[in-house]
Amino acid sequence: MHRPFALPGTRPRYVRDRGYDMRHLRLDLALDFEARRLAGTATLRVAPLAGTPRRLELDAVELAIDTVEADGRELAFAYDGCVLAIEPPQGEEIELRIRYSATPRRGLYFVGPDAAYPHKPRQIWSQGQDEDSRHWFPCFDSPLAKCTTELCVTVPEGMICVSNGRLVEQYGRTFHYRLDVPHSPYLVTLVAGEYACVRARAGAVELMYFVPPGREEDAARALGRTPDMIGFFADYLGVPYPYERYSQVCVADFLFGGMENTSATTLTLDTLHDARAHLDFSSEPLVSHELAHQWFGDLVTCRDWSEAWLNEGFATYLEVLWQEHAHGADEMAFERADYMDQYMREDRERYRRRLVERRWDEPLEIFDRHLYEKGALVLHMIRRHVGDAGFRAALARYLMRHRGGTAETRDLARAIEEATGRNVDAFFDQWVYGAGHPELHARYEWDDERQAVRIELEQTQALADDTPLHALEFEVAAEVDGEWRTVALVAEPAAKQTLSVPLPARPTGFVIDAGRHVLASWRVDKPLLVWARELSAAPQAIDRAQAATALGRDASQLARQSLTRSLEHDTFWGVRAACARALGQVGGPVALAALLERLGREPHAKARRAIVRALGEFVADAEAQAALEQCFRQGDASYFVEAEAVHALCRTGADAALEVAQLALGRPSHGEIIRQLACTGLGELRAPDERRDAALSLLREETAYGRPVQSRRAAATALGALGEGRAPVREHLERLTTDPDFRMRLAVVLALGALGDARAVAAIERAEARELDGRVRRRCREVTRSLREGVRREETVQRLTEEVAELKRDGRKLVERIERLEGQLGKASQ
Ligand SMILES: [Zn+2]
């Protein structure tokens with residue numbers, strides 16, 4: 001059974017009545033950095049809707065309201081700290097002027113240096129999504145209250161200001177921006193700081209990249225493909241980029257990777273990277289994602305947060321479309337496979353929910369791997385279903401019809417039907433309104449008499465939950481006489497069925513769901529020779545990688561040989577990485593030798609990283625340990641390979657692991673990836689008590705305020721992994737629940753969950769009560785729930801864990817014995 005998504009007591013959410021239409025919003029604000037305060041006037045032009053009461057209610061949290069005026073006359077108002085209630089005069093359109101000030105705890109953030117982080121830049125930035133704009137200006141804070149906006153902001157000395165739309169004028173420290181296309185209040189942005197600006201163009205669109213002075217080169221590296229992306233999206237969608245300008249501004253301590261504020265995206269500073277990181281790190285997924293939102297999210301907005309997959313699913317899917325366009329179908333397929341893994345992990349380990357979901361306490365709760373990754377994969381299946389041309393026509397229709405407004409899932413279904421004639425209601429019921437995904441078991445069999453492959457297909461998902469049986473479309477790729485052909489198949493929503501694929505002769509390779517397009521988990525029973533052939537010859541890289549994974553579950557000589565050969569010869573790095581992973585799974589001297597042999601020669605940093613990680617499977621193996629230690633000490637062109645080396649070394653339980661990890665904690669890298677994985681490794685260190693104590697104390701030191709934020713979080717997570725049964729570790733983590741960094745608090749709460757000690761419940765409940773971030777609050781509730789349940793389950797889990805470990809040990813011993821026997825046989829036959 002999967003965990004339910006809705007927590008006890010959660011009721012479905014609906015957009016509340018509003019009474020008035022928002023037409024235009026203007027903010028005239030002055031910012032005071034030292035006092036962390038803003039003050040000024042919000043001018044709202046509103047129009048009453050027919051038959052509604054005269055009372056106008058605006059969201060406005062913790063603002064100090066001075067006066068409310070209309071037509072130059074002061075109005076009475078009621079304000080309870082959350083909602084500002086006014087009775088405006090009658091009229092078709094009313095202009096309200098609200099004078100106010102605020103020292104916001106959310107929505108607008110003032111970041112700057114302190115004693116522990118003296119080099120942090122001084123910046124002010126807003127983050128409205130989902131419902132936080134109300135913390136810095138009064139508005140009807142709902143995605144459907146779209147209006148044009150204007151910001152006139154006076155910033156502190158030395159700072160410049162970035163906001164939505166075009167810069168109308170600038171005088172002194174005052175910046176006046178205006179956006180003439182209606183957008184939602186959560187997309188209103190204000191960023192102020194000391195910035196250098198790198199300019200570019202995409203046709204008529206003016207591009208500006210705002211980065212801290214001195215990082216202009218990094219800006220070109222991280223953001224330089226923006227013009228190509230704009231060109232590609234405009235062409236693909238058939239709708240030009242909707243605004244005059246596109247700014248991207250990098251800020252410190254950002255709450256997300258990026259935020260698609262209309263025409264002025266905010267990005268985390270961490271996306272800027274040096275040339276060395278550029279070997280195996282790319283900003284393109286983030287940059288293309290936020291850019292895609294300018295169409296999906298900003299121009300056309302989800303009507304209410306329950307429908308937010310229309311924002312995030314599209315932005316995430318357009319990331320992979322860009323990937324396909326810029327880097328080819330194989331890269332795209334691997335990114336999709338990664339999405340699938342992420343979604344399935346959440347589905348397996350956290351909860352299962354419908355894509356359109358109303359049962360939440362805060363919208364942020366549904367911004368998860370369902371919303372982004374599953375949403376994207378569902379769109380991908382729609383594209384496969386109606387074809388690329390149909391998909392593009394449907395998107396153009398959807399965008400043109402709802403531009404400047406909002407949409408919901410049914411609008412997308414209608415646009416698809418109108419453009420392509422295909423009714424997708426059943427598809428949407430299955431994938432959007434139904435939870436889960438197909439869990440498939442396929443048995444392959446060649447029927448010599450009928451000259452056909454028979455696929456016995458079972459859908460097993462319905463056994464566990466109320467997950468529906470699915471209708472499915474997929475392709476098989478079959479190799480007959482050295483020629484690959486594809487055959488399209490349709491499966492009924494049935495628990496069991498047999499599909500038949502007639503072929504001129506028995507195929508040598510037979511890939512089911514070629515290209516891995518269906519969002520499903522597959523278990524496929526197929527002869528080993530067929531898998532081996534697919535690994536060496538399937539046309540699509542993702543299919544070869546799937547074959548490698550299947551062979552990794554087999555300990556035969558044929559499997560090892562095939563994997564070793566492809567590790568050496570496959571032309572795509574992702575397949576070589578999959579072979580490395582599989583060889584790590586198989587274990588034994590042959591696999592080890594193959595990995596060690598390849599390590600020094602593998603040219604692609606990502607494949608090298610996979611090899612290093614696979615070496616970490618060789619627990620207590622001196623040869624693997626020596627290679628990993630050397631890899632770390634002599635260094636690698638890639639930060640990520642070095643990071644993986646220290647992580648893997650710890651996993652092997654090497655004597656040198658502690659010392660190397662300590663070195664790694666002092667080695668700088670992009671995003672502190674080396675320090676992070678040193679912490680992760682320490683958390684997985686298989687070591688006797690006294691070394692475990694040493695590891696715990698290193699990790700505790702690394703959680704100190706003042707250490708790099710990324711490794712602090714990794715250290716907290718690692719304490720959760722390693723500190724089981726240690727009361728001082730739990731108490732240390734409990735103290736960290738008051739940390740100023742919300743991501744640290746998130747890591748700490750999850751670590752307390754991992755410790756599994758129900759005595760932490762009280763501290764987590766106190767943390768939840770103080771918490772301002774919706775994501776952390778949600779995790780607090782999930783963790784306390786599982787800690788309470790865990791008390792009952794503890795014994796069972798303990799027993800199962802031991803059994804699994806024992807089985808794994810037996811399996812690896814078996815491989816070693818088989819290899820020895822094979823060796824003896826080989827000698828005997830010589
Ligand atoms: Zn997004």
# chains A, B, ... in the order shown; residues from 1 in each chain; ligands from 1
call {"tool": "residues_near_ligand", "arguments": {"ligand": "ligand 1", "cutoff": "7 Å", "atoms": "only C-alpha atoms and all ligand atoms", "output": "list of chain:residue names"}}
result
A:Met259, A:Glu260, A:His289, A:Glu290, A:His293, A:Asn311, A:Glu312, A:Ala315, A:Thr316
call {"tool": "residues_around", "arguments": {"residues": "Arg713 of chain A", "least_positions_apart": "5", "cutoff": "9 Å", "atoms": "only C-alpha atoms", "output": "ChimeraX atom specification"}}
result
/A:676,702-703,708,718,743-748
call {"tool": "write_last_selection", "arguments": {"atoms": "N, CA and C atoms", "output": "PDB file, in the first residue's frame"}}
result
ATOM      1  N   GLN A 676      30.210  17.997   0.250  1.00  0.00           N
ATOM      2  CA  GLN A 676      28.913  17.344   0.447  1.00  0.00           C
ATOM      3  C   GLN A 676      29.034  15.831   0.415  1.00  0.00           C
ATOM      4  N   GLU A 702      30.876  19.857  11.020  1.00  0.00           N
ATOM      5  CA  GLU A 702      30.510  20.397   9.710  1.00  0.00           C
ATOM      6  C   GLU A 702      29.109  21.031   9.713  1.00  0.00           C
ATOM      7  N   THR A 703      28.307  20.724  10.725  1.00  0.00           N
ATOM      8  CA  THR A 703      26.979  21.351  10.773  1.00  0.00           C
ATOM      9  C   THR A 703      27.032  22.766  11.360  1.00  0.00           C
ATOM     10  N   PRO A 708      30.156  25.947   4.912  1.00  0.00           N
ATOM     11  CA  PRO A 708      29.377  26.144   3.680  1.00  0.00           C
ATOM     12  C   PRO A 708      27.957  25.575   3.831  1.00  0.00           C
ATOM     13  N   ALA A 718      23.746  13.158   6.930  1.00  0.00           N
ATOM     14  CA  ALA A 718      24.632  12.044   7.252  1.00  0.00           C
ATOM     15  C   ALA A 718      24.535  11.671   8.733  1.00  0.00           C
ATOM     16  N   ARG A 743      16.650  25.356   4.493  1.00  0.00           N
ATOM     17  CA  ARG A 743      17.037  24.058   3.905  1.00  0.00           C
ATOM     18  C   ARG A 743      17.752  23.199   4.952  1.00  0.00           C
ATOM     19  N   MET A 744      18.473  23.865   5.840  1.00  0.00           N
ATOM     20  CA  MET A 744      19.124  23.149   6.932  1.00  0.00           C
ATOM     21  C   MET A 744      18.048  22.551   7.839  1.00  0.00           C
ATOM     22  N   ARG A 745      17.031  23.354   8.143  1.00  0.00           N
ATOM     23  CA  ARG A 745      15.955  22.835   9.004  1.00  0.00           C
ATOM     24  C   ARG A 745      15.283  21.620   8.359  1.00  0.00           C
ATOM     25  N   LEU A 746      15.107  21.712   7.027  1.00  0.00           N
ATOM     26  CA  LEU A 746      14.504  20.602   6.293  1.00  0.00           C
ATOM     27  C   LEU A 746      15.369  19.349   6.434  1.00  0.00           C
ATOM     28  N   ALA A 747      16.685  19.516   6.214  1.00  0.00           N
ATOM     29  CA  ALA A 747      17.607  18.378   6.315  1.00  0.00           C
ATOM     30  C   ALA A 747      17.586  17.803   7.734  1.00  0.00           C
ATOM     31  N   VAL A 748      17.517  18.690   8.716  1.00  0.00           N
ATOM     32  CA  VAL A 748      17.565  18.266  10.115  1.00  0.00           C
ATOM     33  C   VAL A 748      16.315  17.447  10.473  1.00  0.00           C
TER      34      VAL A 748
END
call {"tool": "residues_around", "arguments": {"residues": "Ser184 of chain A", "least_positions_apart": "4", "cutoff": "8 Å", "atoms": "only C-alpha atoms", "output": "number ranges by chain"}}
result
A: 142-147, 188, 298, 301
call {"tool": "select_by_dssp", "arguments": {"residues": "segment 306-526 of chain A", "states": "helix (DSSP H, G or I)", "output": "MDAnalysis selection string"}}
result
chainID A and resid 306:307 309:327 329:349 363:366 370:402 409:420 425:431 461:464
call {"tool": "residues_around", "arguments": {"residues": "Pro502 of chain A", "least_positions_apart": "3", "cutoff": "7 Å", "atoms": "only C-alpha atoms", "output": "ChimeraX atom specification"}}
result
/A:451-453
call {"tool": "select_by_dssp", "arguments": {"residues": "segment 447-605 of chain A", "states": "strand (DSSP E)", "output": "PyMOL selection string"}}
result
chain A and resi 447+452-459+472-480+483-491+496-502+509-512+521-525
call {"tool": "residues_around", "arguments": {"residues": "segment 576-585 of chain A", "least_positions_apart": "2", "cutoff": "9 Å", "atoms": "only C-alpha atoms", "output": "PyMOL selection string"}}
result
chain A and resi 544-553+560+562-564+566-574+587-588+590-592+594-595+606-618+812
call {"tool": "residues_around", "arguments": {"residues": "Val300 of chain A", "least_positions_apart": "5", "cutoff": "10 Å", "atoms": "only C-alpha atoms", "output": "list in words"}}
result
Pro182, His183, Ser184, His293, Gln294, Trp295, Leu310, Asn311, Tyr398, Leu399, Met400, Arg401, His402, Arg403, Gly404, Gly405, Thr406, Ala407 and Glu408 of chain A
call {"tool": "residues_around", "arguments": {"residues": "Arg778 of chain A", "least_positions_apart": "5", "cutoff": "9 Å", "atoms": "only C-alpha atoms", "output": "ChimeraX atom specification"}}
result
/A:7,361-362,365,768,773,783
call {"tool": "closest_atom_pairs", "arguments": {"of": "segment 117-178 of chain A", "to": "segment 75-90 of chain A", "cutoff": "10 Å", "atoms": "only C-alpha atoms", "output": "JSON lines"}}
result
{"residue": "A:Arg134", "atom": "CA", "partner": "A:Cys82", "partner_atom": "CA", "distance": 8.5}
{"residue": "A:His135", "atom": "CA", "partner": "A:Cys82", "partner_atom": "CA", "distance": 9.0}
{"residue": "A:Pro138", "atom": "CA", "partner": "A:Leu84", "partner_atom": "CA", "distance": 7.8}
{"residue": "A:Cys139", "atom": "CA", "partner": "A:Leu84", "partner_atom": "CA", "distance": 9.3}
{"residue": "A:Phe140", "atom": "CA", "partner": "A:Val83", "partner_atom": "CA", "distance": 9.8}
call {"tool": "write_last_selection", "arguments": {"atoms": "C-alpha atoms", "output": "PDB file, in the first residue's frame"}}
result
ATOM      1  CA  ARG A 134       0.539  39.339   0.453  1.00  0.00           C
ATOM      2  CA  HIS A 135       3.423  39.625   2.920  1.00  0.00           C
ATOM      3  CA  PRO A 138      -1.947  44.058  -0.434  1.00  0.00           C
ATOM      4  CA  CYS A 139      -3.633  42.173  -3.283  1.00  0.00           C
ATOM      5  CA  PHE A 140      -6.088  39.440  -4.161  1.00  0.00           C
TER       6      PHE A 140
END
call {"tool": "atom_distance", "arguments": {"atom1": "atom CA of Ile512 of chain A", "atom2": "atom CA of Ala477 of chain A"}}
result
6.8 Å
